[in-house]
Structures are given as C-alpha cells and as structure tokens.
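Structure, as structure tokens:
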Amino acid sequence: MEYLSNIELYFTSFVSEDEKYFTLLDDEFHHSTKVMRNKISDKLFATNGKGKIFEGSIEEMSKDFLKSTIIKIYKYQNNLDNITFCIPNLKNPERLKFAFEKCTELGITNFLLYKPEHSVGKNLNTERLSKITLAAVKQSLRAFLPKIEAINSVTDLVKSDSGILLFEQTASTKLSDFKLDEDKKYIFVFGPEGGFSENEFTLLKDSTKLKLTENRLRSETAIVKAASVIT
C-alpha cells in the first residue's frame with residue numbers, strides 16, 4: 001500500500017469508465033480554483049470514495065468544472081467493511097459531529113444513526129453528518145466515503161444477521177481481548193445519553209457484552225475509544 005501525505009485531497013463523483021480522467025464540480029471545483037488557485041497542468045488528487053485515489057493533471061478548465069487526466073491510481077482495501085457503528089442521536093450536535101468525524105478519520109466506514117426511546121436528541125440529520133464525514137475523509141486522506149443510514153429504533157437492529165456487540169460496564173471480556181472474525185459482520189451498539197429503556201434492554205439481551213473501559217465514558221468518547229481499539 002502506498003501512503004500519501006502533504007497533499008490536498010478532493011472528492012469526485014465523476015470518473016470516466018475507462019478511468020482516464022476525473023471531473024471536479026461545485027464546491028470541489030470552487031475550492032480547487034478559487035481557494036487553492038490551481039491552473040492548467042497542475043497536479044490534483046481526488047478520491048471517488050470507493051477505495052481509489054486518483055492522481056491527475058488538469059487539462060481543461062471552464063467557469064464551473066475542471067477536467068483532470070489521470071496519471072496514477074492508488075488502490076486501497078477496506079479492512080473494516082464488516083464493522084458498523086450504531087450511534088444514538090445525541091442532544092449536542094457538536095458531540096455527534098465529533099464522534100462521526102473522528103471515527104471516519106480512524107477508518108470506520110459504516111454507520112447507523114438511531115433515535116433511542118429515551119431520546120434527548122433532535123431529528124436525525126444524516127445529510128449534515130454526510131458532509132462532516134466527507135470533510136473528514138479528505139482531511140485524513142481516506143479513500144472510502146462512509147455510508148450513513150438512519151433507523152427508527154433498536155428494534156430494527158435485531159432483524160439484522162450481523163453479530164450485535166453491546167458495551168456493558170460489568171462485562172467480563174474487554175473489547176481489546178475480543179477476537180473479531182473478518183468474515184463475519186458486526187454491529188457495535190452504543191448506548192444513549194439517557195440510557196436504554198427496559199424494552200431496548202430486552203431487545204438487546206442476546207447481544208455479546210463487552211467492556212470498553214473500567215470507568216464510565218460519555219457517549220461520544222466511548223464511540224471514539226472503540227474505534228481506536230479496533231483500527
């Protein structure tokens with residue numbers, strides 16, 4: 001694997017089928033031309049969010065797009081594609097932003113956002129979180145754009161065929177000692193600020209219980225801590 005550093009990474013939603021060139025539009029185009037002052041023949045790096053980073057040279061610019069010829073492709077493997085973080089909607093949007101941002105930087109690429117029964121958060125806003133994770137992808141030079149899905153409740157989790165992992169202070173096995181099977185899918189469920197309801201505890205009773213730390217953590221701290229342990 002090749003690692004890149006000291007570059008400005010852009011996101012492109014359009015790469016030609018033969019992977020000969022990519023195009024930057026809208027905010028990405030504006031940042032490249034108006035902020036970074038790129039011009040014809042300058043080198044650019046862009047990811048499609050699907051495991052590739054393209055190194056290109058600008059060959060064409062107009063008032064609303066630029067076209068860059070691809071001269072090299074860096075390919076990456078998503079080693080955490082079998083992991084999903086199920087995160088409660090938090091009351092403070094900045095703390096929720098922090099959790100998604102740092103998990104993305106650490107390599108988590110699948111998220112479920114849920115509204116717990118003892119909810120203290122507002123409506124689920126995946127659009128805002130998608131923008132946050134995109135910025136984190138570019139900042140940390142990641143090649144995978146996370147998938148974010150909103151679910152109505154914990155009930156939706158128990159319908160999944162993934163192994164559900166739940167953090168519990170009294171659990172005997174630590175996350176750091178738990179062996180994750182790369183061929184199996186897992187959902188890490190993080191408790192809400194108001195705690196799980198009795199109904200939610202019942203739904204999750206058959207989950208694998210793990211201990212994260214000896215002390216109690218804020219929701220967003222626990223989320224980032226778990227990400228740092230498995231990445």
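So you can find residues: chains in the structure tokens are A, B, ... in the order shown, residues in each start at 1, and ligands are numbered from 1 in order.
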Determine, for each residue of segment 145-196 of chain A having at least one atom at most 8 Å from an atom of segment 77-94 of chain A, the closest pair of atoms and their separation in Å to one decimal, counting only C-alpha atoms; order by chain and ascending number, as CSV.
residue,atom,partner,partner_atom,distance
A:Glu182,CA,A:Asn82,CA,6.9
A:Asp183,CA,A:Asn82,CA,7.5
A:Lys184,CA,A:Asn82,CA,6.5
A:Lys185,CA,A:Asn82,CA,4.6
A:Tyr186,CA,A:Ile83,CA,5.1
A:Ile187,CA,A:Thr84,CA,4.8
A:Phe188,CA,A:Phe85,CA,4.9
A:Val189,CA,A:Cys86,CA,4.8
A:Phe190,CA,A:Ile87,CA,5.6
A:Gly191,CA,A:Pro88,CA,6.7
A:Pro192,CA,A:Pro88,CA,5.4
A:Glu193,CA,A:Leu90,CA,7.0
Just to be explicit: take each residue in the selection above, keep N, CA and C atoms, and write the result as a tab-separated table (two decimals), in the first residue's frame.
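Output (out.tsv):
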chain	number	residue	atom	x	y	z
A	182	GLU	N	-12.95	-11.57	10.61
A	182	GLU	CA	-13.04	-10.71	9.42
A	182	GLU	C	-14.08	-11.19	8.42
A	183	ASP	N	-14.53	-12.43	8.56
A	183	ASP	CA	-15.55	-12.97	7.66
A	183	ASP	C	-16.97	-12.82	8.21
A	184	LYS	N	-17.09	-12.18	9.35
A	184	LYS	CA	-18.40	-12.00	9.97
A	184	LYS	C	-18.72	-10.52	10.11
A	185	LYS	N	-19.99	-10.19	10.00
A	185	LYS	CA	-20.40	-8.80	10.15
A	185	LYS	C	-20.76	-8.51	11.61
A	186	TYR	N	-20.39	-7.31	12.05
A	186	TYR	CA	-20.66	-6.91	13.43
A	186	TYR	C	-21.31	-5.53	13.47
A	187	ILE	N	-22.20	-5.35	14.44
A	187	ILE	CA	-22.76	-4.03	14.72
A	187	ILE	C	-22.40	-3.66	16.16
A	188	PHE	N	-21.63	-2.61	16.32
A	188	PHE	CA	-21.28	-2.09	17.64
A	188	PHE	C	-22.38	-1.11	18.05
A	189	VAL	N	-23.09	-1.44	19.12
A	189	VAL	CA	-24.19	-0.60	19.57
A	189	VAL	C	-23.75	0.24	20.77
A	190	PHE	N	-23.90	1.54	20.65
A	190	PHE	CA	-23.51	2.46	21.72
A	190	PHE	C	-24.76	3.01	22.39
A	191	GLY	N	-24.74	3.01	23.71
A	191	GLY	CA	-25.90	3.45	24.47
A	191	GLY	C	-26.12	4.94	24.40
A	192	PRO	N	-27.37	5.37	24.55
A	192	PRO	CA	-27.70	6.79	24.50
A	192	PRO	C	-27.40	7.51	25.81
A	193	GLU	N	-27.43	8.82	25.77
A	193	GLU	CA	-27.15	9.63	26.96
A	193	GLU	C	-28.16	9.37	28.07
**Message:** When you look at Ala226 of chain A with a cut-off of 9 Å (counting only C-alpha atoms), what residues show up, excluding the ones that are within fewer than 2 positions of it in the same chain? I need them as a PyMOL selection string.
**Reply:** chain A and resi 103+175-176+188+212+221-224+228-231
Got time to write the residues from that selection, N, CA, C and O atoms, as an mmCIF file, in the first residue's frame?
data_model
loop_
_atom_site.group_PDB
_atom_site.id
_atom_site.type_symbol
_atom_site.label_atom_id
_atom_site.label_comp_id
_atom_site.auth_asym_id
_atom_site.auth_seq_id
_atom_site.Cartn_x
_atom_site.Cartn_y
_atom_site.Cartn_z
ATOM 1 N N CYS A 103 -14.302 8.988 14.089
ATOM 2 C CA CYS A 103 -14.426 7.593 13.644
ATOM 3 C C CYS A 103 -14.074 7.467 12.162
ATOM 4 O O CYS A 103 -13.444 6.487 11.746
ATOM 5 N N LEU A 175 -13.094 -5.316 25.081
ATOM 6 C CA LEU A 175 -13.078 -5.194 23.624
ATOM 7 C C LEU A 175 -11.684 -5.489 23.073
ATOM 8 O O LEU A 175 -11.544 -6.137 22.037
ATOM 9 N N SER A 176 -10.668 -5.041 23.777
ATOM 10 C CA SER A 176 -9.294 -5.240 23.315
ATOM 11 C C SER A 176 -8.898 -6.713 23.278
ATOM 12 O O SER A 176 -7.954 -7.093 22.583
ATOM 13 N N PHE A 188 -21.628 -2.605 16.321
ATOM 14 C CA PHE A 188 -21.278 -2.090 17.641
ATOM 15 C C PHE A 188 -22.378 -1.112 18.055
ATOM 16 O O PHE A 188 -22.562 -0.078 17.415
ATOM 17 N N LEU A 212 -15.555 -1.769 27.659
ATOM 18 C CA LEU A 212 -14.683 -0.854 26.919
ATOM 19 C C LEU A 212 -13.587 -0.297 27.814
ATOM 20 O O LEU A 212 -12.404 -0.330 27.470
ATOM 21 N N THR A 221 -17.243 9.844 23.626
ATOM 22 C CA THR A 221 -15.908 9.363 23.992
ATOM 23 C C THR A 221 -15.828 7.851 23.818
ATOM 24 O O THR A 221 -14.825 7.325 23.323
ATOM 25 N N ALA A 222 -16.891 7.156 24.241
ATOM 26 C CA ALA A 222 -16.922 5.697 24.093
ATOM 27 C C ALA A 222 -16.868 5.295 22.633
ATOM 28 O O ALA A 222 -16.191 4.333 22.266
ATOM 29 N N ILE A 223 -17.561 6.035 21.790
ATOM 30 C CA ILE A 223 -17.582 5.719 20.359
ATOM 31 C C ILE A 223 -16.198 5.832 19.757
ATOM 32 O O ILE A 223 -15.724 4.938 19.048
ATOM 33 N N VAL A 224 -15.511 6.934 20.053
ATOM 34 C CA VAL A 224 -14.161 7.148 19.500
ATOM 35 C C VAL A 224 -13.164 6.167 20.106
ATOM 36 O O VAL A 224 -12.261 5.665 19.421
ATOM 37 N N SER A 228 -10.801 3.488 18.082
ATOM 38 C CA SER A 228 -9.337 3.480 18.203
ATOM 39 C C SER A 228 -8.813 2.100 18.585
ATOM 40 O O SER A 228 -7.695 1.736 18.217
ATOM 41 N N VAL A 229 -9.628 1.316 19.315
ATOM 42 C CA VAL A 229 -9.188 -0.021 19.731
ATOM 43 C C VAL A 229 -9.153 -0.986 18.558
ATOM 44 O O VAL A 229 -8.246 -1.806 18.438
ATOM 45 N N ILE A 230 -10.124 -0.891 17.658
ATOM 46 C CA ILE A 230 -10.234 -1.894 16.581
ATOM 47 C C ILE A 230 -9.526 -1.488 15.285
ATOM 48 O O ILE A 230 -9.445 -2.281 14.355
ATOM 49 N N THR A 231 -9.046 -0.259 15.216
ATOM 50 C CA THR A 231 -8.387 0.172 13.984
ATOM 51 C C THR A 231 -6.874 0.138 14.115
ATOM 52 O O THR A 231 -6.333 0.013 15.184
#
Leaving out Glu8 of chain A and any residue of its chain fewer than 2 positions from it, which residues lie within 12 Å of it when counting only C-alpha atoms, given as a PDB file with all heavy atoms, in the first residue's frame?
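File part14.pdb, as written:
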ATOM      1  N   LEU A   4      -0.024   8.527   1.089  1.00  0.00           N
ATOM      2  CA  LEU A   4       0.147   9.889   0.608  1.00  0.00           C
ATOM      3  C   LEU A   4       0.163  10.848   1.794  1.00  0.00           C
ATOM      4  O   LEU A   4      -0.484  10.620   2.810  1.00  0.00           O
ATOM      5  CB  LEU A   4      -0.997  10.262  -0.336  1.00  0.00           C
ATOM      6  CG  LEU A   4      -1.170   9.381  -1.571  1.00  0.00           C
ATOM      7  CD1 LEU A   4      -2.460   9.743  -2.298  1.00  0.00           C
ATOM      8  CD2 LEU A   4       0.016   9.532  -2.517  1.00  0.00           C
ATOM      9  N   SER A   5       0.900  11.908   1.674  1.00  0.00           N
ATOM     10  CA  SER A   5       0.913  12.932   2.708  1.00  0.00           C
ATOM     11  C   SER A   5       1.204  14.268   2.055  1.00  0.00           C
ATOM     12  O   SER A   5       1.691  14.343   0.928  1.00  0.00           O
ATOM     13  CB  SER A   5       1.974  12.624   3.772  1.00  0.00           C
ATOM     14  OG  SER A   5       3.272  12.598   3.198  1.00  0.00           O
ATOM     15  N   ASN A   6       0.892  15.328   2.765  1.00  0.00           N
ATOM     16  CA  ASN A   6       1.143  16.686   2.275  1.00  0.00           C
ATOM     17  C   ASN A   6       0.484  16.957   0.921  1.00  0.00           C
ATOM     18  O   ASN A   6       1.065  17.611   0.051  1.00  0.00           O
ATOM     19  CB  ASN A   6       2.649  16.948   2.178  1.00  0.00           C
ATOM     20  CG  ASN A   6       3.334  16.817   3.527  1.00  0.00           C
ATOM     21  OD1 ASN A   6       2.794  17.250   4.539  1.00  0.00           O
ATOM     22  ND2 ASN A   6       4.511  16.216   3.545  1.00  0.00           N
ATOM     23  N   TYR A  10      -9.355  15.927  -2.930  1.00  0.00           N
ATOM     24  CA  TYR A  10     -10.692  16.341  -3.332  1.00  0.00           C
ATOM     25  C   TYR A  10     -11.577  15.104  -3.483  1.00  0.00           C
ATOM     26  O   TYR A  10     -11.084  13.973  -3.551  1.00  0.00           O
ATOM     27  CB  TYR A  10     -10.644  17.113  -4.657  1.00  0.00           C
ATOM     28  CG  TYR A  10      -9.847  18.389  -4.578  1.00  0.00           C
ATOM     29  CD1 TYR A  10      -8.482  18.402  -4.873  1.00  0.00           C
ATOM     30  CD2 TYR A  10     -10.451  19.583  -4.191  1.00  0.00           C
ATOM     31  CE1 TYR A  10      -7.738  19.569  -4.780  1.00  0.00           C
ATOM     32  CE2 TYR A  10      -9.720  20.755  -4.108  1.00  0.00           C
ATOM     33  CZ  TYR A  10      -8.372  20.742  -4.394  1.00  0.00           C
ATOM     34  OH  TYR A  10      -7.636  21.897  -4.302  1.00  0.00           O
ATOM     35  N   PHE A  11     -12.877  15.357  -3.561  1.00  0.00           N
ATOM     36  CA  PHE A  11     -13.817  14.264  -3.823  1.00  0.00           C
ATOM     37  C   PHE A  11     -14.417  14.464  -5.201  1.00  0.00           C
ATOM     38  O   PHE A  11     -14.844  15.570  -5.556  1.00  0.00           O
ATOM     39  CB  PHE A  11     -14.938  14.235  -2.782  1.00  0.00           C
ATOM     40  CG  PHE A  11     -16.002  13.217  -3.084  1.00  0.00           C
ATOM     41  CD1 PHE A  11     -15.776  11.870  -2.849  1.00  0.00           C
ATOM     42  CD2 PHE A  11     -17.223  13.605  -3.625  1.00  0.00           C
ATOM     43  CE1 PHE A  11     -16.745  10.922  -3.146  1.00  0.00           C
ATOM     44  CE2 PHE A  11     -18.200  12.672  -3.920  1.00  0.00           C
ATOM     45  CZ  PHE A  11     -17.957  11.322  -3.677  1.00  0.00           C
ATOM     46  N   GLU A  28     -16.107  21.398  -4.793  1.00  0.00           N
ATOM     47  CA  GLU A  28     -14.752  20.880  -5.004  1.00  0.00           C
ATOM     48  C   GLU A  28     -14.029  21.702  -6.078  1.00  0.00           C
ATOM     49  O   GLU A  28     -12.850  22.041  -5.944  1.00  0.00           O
ATOM     50  CB  GLU A  28     -14.803  19.407  -5.413  1.00  0.00           C
ATOM     51  CG  GLU A  28     -15.453  18.493  -4.387  1.00  0.00           C
ATOM     52  CD  GLU A  28     -14.696  18.472  -3.069  1.00  0.00           C
ATOM     53  OE1 GLU A  28     -13.660  17.801  -2.995  1.00  0.00           O
ATOM     54  OE2 GLU A  28     -15.148  19.135  -2.115  1.00  0.00           O
ATOM     55  N   HIS A  31     -13.196  25.209  -4.588  1.00  0.00           N
ATOM     56  CA  HIS A  31     -12.056  25.180  -3.663  1.00  0.00           C
ATOM     57  C   HIS A  31     -10.739  25.024  -4.427  1.00  0.00           C
ATOM     58  O   HIS A  31      -9.747  25.675  -4.099  1.00  0.00           O
ATOM     59  CB  HIS A  31     -12.217  24.032  -2.662  1.00  0.00           C
ATOM     60  CG  HIS A  31     -11.148  24.016  -1.615  1.00  0.00           C
ATOM     61  ND1 HIS A  31     -11.121  24.896  -0.565  1.00  0.00           N
ATOM     62  CD2 HIS A  31     -10.048  23.225  -1.472  1.00  0.00           C
ATOM     63  CE1 HIS A  31     -10.057  24.657   0.189  1.00  0.00           C
ATOM     64  NE2 HIS A  31      -9.390  23.646  -0.336  1.00  0.00           N
ATOM     65  N   SER A  32     -10.762  24.173  -5.440  1.00  0.00           N
ATOM     66  CA  SER A  32      -9.551  23.926  -6.217  1.00  0.00           C
ATOM     67  C   SER A  32      -9.087  25.166  -6.975  1.00  0.00           C
ATOM     68  O   SER A  32      -7.890  25.474  -7.019  1.00  0.00           O
ATOM     69  CB  SER A  32      -9.789  22.772  -7.200  1.00  0.00           C
ATOM     70  OG  SER A  32      -8.682  22.628  -8.069  1.00  0.00           O
ATOM     71  N   VAL A  35      -9.744  28.893  -4.161  1.00  0.00           N
ATOM     72  CA  VAL A  35      -9.000  28.902  -2.900  1.00  0.00           C
ATOM     73  C   VAL A  35      -7.557  28.450  -3.105  1.00  0.00           C
ATOM     74  O   VAL A  35      -6.611  29.128  -2.689  1.00  0.00           O
ATOM     75  CB  VAL A  35      -9.690  28.009  -1.847  1.00  0.00           C
ATOM     76  CG1 VAL A  35      -8.893  28.021  -0.539  1.00  0.00           C
ATOM     77  CG2 VAL A  35     -11.116  28.483  -1.602  1.00  0.00           C
ATOM     78  N   MET A  36      -7.394  27.294  -3.756  1.00  0.00           N
ATOM     79  CA  MET A  36      -6.052  26.740  -3.960  1.00  0.00           C
ATOM     80  C   MET A  36      -5.367  27.281  -5.221  1.00  0.00           C
ATOM     81  O   MET A  36      -4.183  27.036  -5.439  1.00  0.00           O
ATOM     82  CB  MET A  36      -6.131  25.209  -4.034  1.00  0.00           C
ATOM     83  CG  MET A  36      -6.724  24.566  -2.798  1.00  0.00           C
ATOM     84  SD  MET A  36      -5.899  25.044  -1.252  1.00  0.00           S
ATOM     85  CE  MET A  36      -4.271  24.325  -1.496  1.00  0.00           C
ATOM     86  N   ASN A  38      -5.483  26.503  -8.365  1.00  0.00           N
ATOM     87  CA  ASN A  38      -4.934  25.548  -9.332  1.00  0.00           C
ATOM     88  C   ASN A  38      -5.197  26.027 -10.753  1.00  0.00           C
ATOM     89  O   ASN A  38      -6.186  26.704 -11.019  1.00  0.00           O
ATOM     90  CB  ASN A  38      -5.549  24.159  -9.123  1.00  0.00           C
ATOM     91  CG  ASN A  38      -4.981  23.456  -7.906  1.00  0.00           C
ATOM     92  OD1 ASN A  38      -3.780  23.271  -7.802  1.00  0.00           O
ATOM     93  ND2 ASN A  38      -5.853  23.075  -6.983  1.00  0.00           N
ATOM     94  N   LYS A  43      -1.036  19.478 -10.668  1.00  0.00           N
ATOM     95  CA  LYS A  43      -1.371  18.131 -10.201  1.00  0.00           C
ATOM     96  C   LYS A  43      -2.497  18.194  -9.181  1.00  0.00           C
ATOM     97  O   LYS A  43      -2.524  19.073  -8.305  1.00  0.00           O
ATOM     98  CB  LYS A  43      -0.138  17.475  -9.580  1.00  0.00           C
ATOM     99  CG  LYS A  43      -0.346  16.032  -9.132  1.00  0.00           C
ATOM    100  CD  LYS A  43       0.913  15.463  -8.477  1.00  0.00           C
ATOM    101  CE  LYS A  43       2.049  15.309  -9.471  1.00  0.00           C
ATOM    102  NZ  LYS A  43       3.221  14.636  -8.866  1.00  0.00           N
ATOM    103  N   LEU A  44      -3.427  17.236  -9.286  1.00  0.00           N
ATOM    104  CA  LEU A  44      -4.541  17.130  -8.353  1.00  0.00           C
ATOM    105  C   LEU A  44      -4.690  15.699  -7.873  1.00  0.00           C
ATOM    106  O   LEU A  44      -4.387  14.751  -8.603  1.00  0.00           O
ATOM    107  CB  LEU A  44      -5.863  17.543  -9.022  1.00  0.00           C
ATOM    108  CG  LEU A  44      -6.195  19.018  -9.231  1.00  0.00           C
ATOM    109  CD1 LEU A  44      -7.585  19.127  -9.812  1.00  0.00           C
ATOM    110  CD2 LEU A  44      -6.086  19.794  -7.939  1.00  0.00           C
ATOM    111  N   PHE A  45      -5.211  15.540  -6.650  1.00  0.00           N
ATOM    112  CA  PHE A  45      -5.544  14.220  -6.111  1.00  0.00           C
ATOM    113  C   PHE A  45      -7.021  14.230  -5.734  1.00  0.00           C
ATOM    114  O   PHE A  45      -7.496  15.162  -5.084  1.00  0.00           O
ATOM    115  CB  PHE A  45      -4.704  13.897  -4.873  1.00  0.00           C
ATOM    116  CG  PHE A  45      -3.241  13.675  -5.163  1.00  0.00           C
ATOM    117  CD1 PHE A  45      -2.371  14.754  -5.233  1.00  0.00           C
ATOM    118  CD2 PHE A  45      -2.744  12.398  -5.365  1.00  0.00           C
ATOM    119  CE1 PHE A  45      -1.013  14.559  -5.497  1.00  0.00           C
ATOM    120  CE2 PHE A  45      -1.393  12.184  -5.626  1.00  0.00           C
ATOM    121  CZ  PHE A  45      -0.532  13.272  -5.695  1.00  0.00           C
ATOM    122  N   ALA A  46      -7.726  13.199  -6.144  1.00  0.00           N
ATOM    123  CA  ALA A  46      -9.154  13.101  -5.829  1.00  0.00           C
ATOM    124  C   ALA A  46      -9.530  11.654  -5.561  1.00  0.00           C
ATOM    125  O   ALA A  46      -8.979  10.729  -6.168  1.00  0.00           O
ATOM    126  CB  ALA A  46     -10.003  13.647  -6.976  1.00  0.00           C
ATOM    127  N   THR A  47     -10.464  11.459  -4.628  1.00  0.00           N
ATOM    128  CA  THR A  47     -10.978  10.121  -4.353  1.00  0.00           C
ATOM    129  C   THR A  47     -12.423  10.012  -4.815  1.00  0.00           C
ATOM    130  O   THR A  47     -13.177  10.991  -4.776  1.00  0.00           O
ATOM    131  CB  THR A  47     -10.896   9.770  -2.853  1.00  0.00           C
ATOM    132  OG1 THR A  47     -11.435   8.450  -2.648  1.00  0.00           O
ATOM    133  CG2 THR A  47     -11.682  10.750  -2.008  1.00  0.00           C
ATOM    134  N   ILE A  53      -7.791   6.540  -4.946  1.00  0.00           N
ATOM    135  CA  ILE A  53      -7.370   7.935  -5.011  1.00  0.00           C
ATOM    136  C   ILE A  53      -6.668   8.118  -6.351  1.00  0.00           C
ATOM    137  O   ILE A  53      -5.759   7.353  -6.703  1.00  0.00           O
ATOM    138  CB  ILE A  53      -6.426   8.307  -3.853  1.00  0.00           C
ATOM    139  CG1 ILE A  53      -7.200   8.284  -2.527  1.00  0.00           C
ATOM    140  CG2 ILE A  53      -5.805   9.691  -4.086  1.00  0.00           C
ATOM    141  CD1 ILE A  53      -6.354   8.604  -1.309  1.00  0.00           C
ATOM    142  N   PHE A  54      -7.113   9.115  -7.089  1.00  0.00           N
ATOM    143  CA  PHE A  54      -6.582   9.365  -8.428  1.00  0.00           C
ATOM    144  C   PHE A  54      -5.635  10.557  -8.406  1.00  0.00           C
ATOM    145  O   PHE A  54      -5.963  11.608  -7.876  1.00  0.00           O
ATOM    146  CB  PHE A  54      -7.720   9.643  -9.412  1.00  0.00           C
ATOM    147  CG  PHE A  54      -8.749   8.557  -9.475  1.00  0.00           C
ATOM    148  CD1 PHE A  54      -9.920   8.644  -8.740  1.00  0.00           C
ATOM    149  CD2 PHE A  54      -8.542   7.429 -10.263  1.00  0.00           C
ATOM    150  CE1 PHE A  54     -10.879   7.634  -8.787  1.00  0.00           C
ATOM    151  CE2 PHE A  54      -9.487   6.417 -10.317  1.00  0.00           C
ATOM    152  CZ  PHE A  54     -10.652   6.518  -9.585  1.00  0.00           C
ATOM    153  N   GLU A  55      -4.478  10.342  -8.994  1.00  0.00           N
ATOM    154  CA  GLU A  55      -3.534  11.440  -9.186  1.00  0.00           C
ATOM    155  C   GLU A  55      -3.685  11.913 -10.626  1.00  0.00           C
ATOM    156  O   GLU A  55      -3.600  11.118 -11.561  1.00  0.00           O
ATOM    157  CB  GLU A  55      -2.105  10.970  -8.940  1.00  0.00           C
ATOM    158  CG  GLU A  55      -1.059  12.042  -9.141  1.00  0.00           C
ATOM    159  CD  GLU A  55       0.352  11.532  -8.888  1.00  0.00           C
ATOM    160  OE1 GLU A  55       0.501  10.488  -8.209  1.00  0.00           O
ATOM    161  OE2 GLU A  55       1.309  12.169  -9.381  1.00  0.00           O
ATOM    162  N   ALA A 135     -15.754  15.703   4.726  1.00  0.00           N
ATOM    163  CA  ALA A 135     -14.649  16.586   5.088  1.00  0.00           C
ATOM    164  C   ALA A 135     -13.559  15.805   5.824  1.00  0.00           C
ATOM    165  O   ALA A 135     -12.364  16.030   5.611  1.00  0.00           O
ATOM    166  CB  ALA A 135     -15.156  17.736   5.954  1.00  0.00           C
ATOM    167  N   VAL A 137     -12.918  12.580   5.494  1.00  0.00           N
ATOM    168  CA  VAL A 137     -12.249  11.720   4.508  1.00  0.00           C
ATOM    169  C   VAL A 137     -11.139  12.482   3.812  1.00  0.00           C
ATOM    170  O   VAL A 137     -10.012  11.999   3.676  1.00  0.00           O
ATOM    171  CB  VAL A 137     -13.274  11.198   3.466  1.00  0.00           C
ATOM    172  CG1 VAL A 137     -12.567  10.662   2.223  1.00  0.00           C
ATOM    173  CG2 VAL A 137     -14.134  10.103   4.071  1.00  0.00           C
ATOM    174  N   LYS A 138     -11.441  13.691   3.384  1.00  0.00           N
ATOM    175  CA  LYS A 138     -10.447  14.492   2.664  1.00  0.00           C
ATOM    176  C   LYS A 138      -9.313  14.929   3.587  1.00  0.00           C
ATOM    177  O   LYS A 138      -8.151  14.928   3.190  1.00  0.00           O
ATOM    178  CB  LYS A 138     -11.126  15.699   2.024  1.00  0.00           C
ATOM    179  CG  LYS A 138     -12.125  15.324   0.934  1.00  0.00           C
ATOM    180  CD  LYS A 138     -12.606  16.528   0.156  1.00  0.00           C
ATOM    181  CE  LYS A 138     -13.473  17.427   0.990  1.00  0.00           C
ATOM    182  NZ  LYS A 138     -13.990  18.576   0.220  1.00  0.00           N
ATOM    183  N   GLN A 139      -9.657  15.278   4.824  1.00  0.00           N
ATOM    184  CA  GLN A 139      -8.642  15.726   5.773  1.00  0.00           C
ATOM    185  C   GLN A 139      -7.663  14.612   6.132  1.00  0.00           C
ATOM    186  O   GLN A 139      -6.460  14.832   6.247  1.00  0.00           O
ATOM    187  CB  GLN A 139      -9.327  16.245   7.044  1.00  0.00           C
ATOM    188  CG  GLN A 139      -8.373  16.617   8.174  1.00  0.00           C
ATOM    189  CD  GLN A 139      -7.475  17.783   7.825  1.00  0.00           C
ATOM    190  OE1 GLN A 139      -7.880  18.675   7.088  1.00  0.00           O
ATOM    191  NE2 GLN A 139      -6.254  17.784   8.344  1.00  0.00           N
ATOM    192  N   SER A 140      -8.183  13.400   6.312  1.00  0.00           N
ATOM    193  CA  SER A 140      -7.353  12.266   6.742  1.00  0.00           C
ATOM    194  C   SER A 140      -6.848  11.413   5.578  1.00  0.00           C
ATOM    195  O   SER A 140      -6.234  10.375   5.788  1.00  0.00           O
ATOM    196  CB  SER A 140      -8.141  11.389   7.719  1.00  0.00           C
ATOM    197  OG  SER A 140      -9.362  10.944   7.141  1.00  0.00           O
ATOM    198  N   LEU A 141      -7.132  11.864   4.345  1.00  0.00           N
ATOM    199  CA  LEU A 141      -6.668  11.171   3.137  1.00  0.00           C
ATOM    200  C   LEU A 141      -7.177   9.736   3.069  1.00  0.00           C
ATOM    201  O   LEU A 141      -6.433   8.806   2.724  1.00  0.00           O
ATOM    202  CB  LEU A 141      -5.136  11.207   3.047  1.00  0.00           C
ATOM    203  CG  LEU A 141      -4.477  12.589   3.139  1.00  0.00           C
ATOM    204  CD1 LEU A 141      -2.957  12.471   2.972  1.00  0.00           C
ATOM    205  CD2 LEU A 141      -5.067  13.549   2.108  1.00  0.00           C
ATOM    206  N   ARG A 142      -8.446   9.568   3.386  1.00  0.00           N
ATOM    207  CA  ARG A 142      -9.082   8.255   3.290  1.00  0.00           C
ATOM    208  C   ARG A 142      -9.663   8.062   1.890  1.00  0.00           C
ATOM    209  O   ARG A 142      -9.988   9.032   1.199  1.00  0.00           O
ATOM    210  CB  ARG A 142     -10.201   8.135   4.326  1.00  0.00           C
ATOM    211  CG  ARG A 142      -9.719   8.062   5.768  1.00  0.00           C
ATOM    212  CD  ARG A 142      -9.164   6.712   6.088  1.00  0.00           C
ATOM    213  NE  ARG A 142      -8.675   6.618   7.463  1.00  0.00           N
ATOM    214  CZ  ARG A 142      -8.142   5.525   7.979  1.00  0.00           C
ATOM    215  NH1 ARG A 142      -8.054   4.429   7.221  1.00  0.00           N
ATOM    216  NH2 ARG A 142      -7.704   5.498   9.209  1.00  0.00           N
TER     217      ARG A 142
END
**Item:** Residue with smallest distance to Ser119 of chain A - pool A:Val154, A:Met61, A:Leu210, A:Leu165, counting only C-alpha atoms
**Value:** A:Val154
**Asked** Which residue out of A:Glu214, A:Glu127, A:Asp42, A:Glu200 has the minimum interatomic distance to Ala171 of chain A when only C-alpha atoms are used?
**Response** A:Glu214
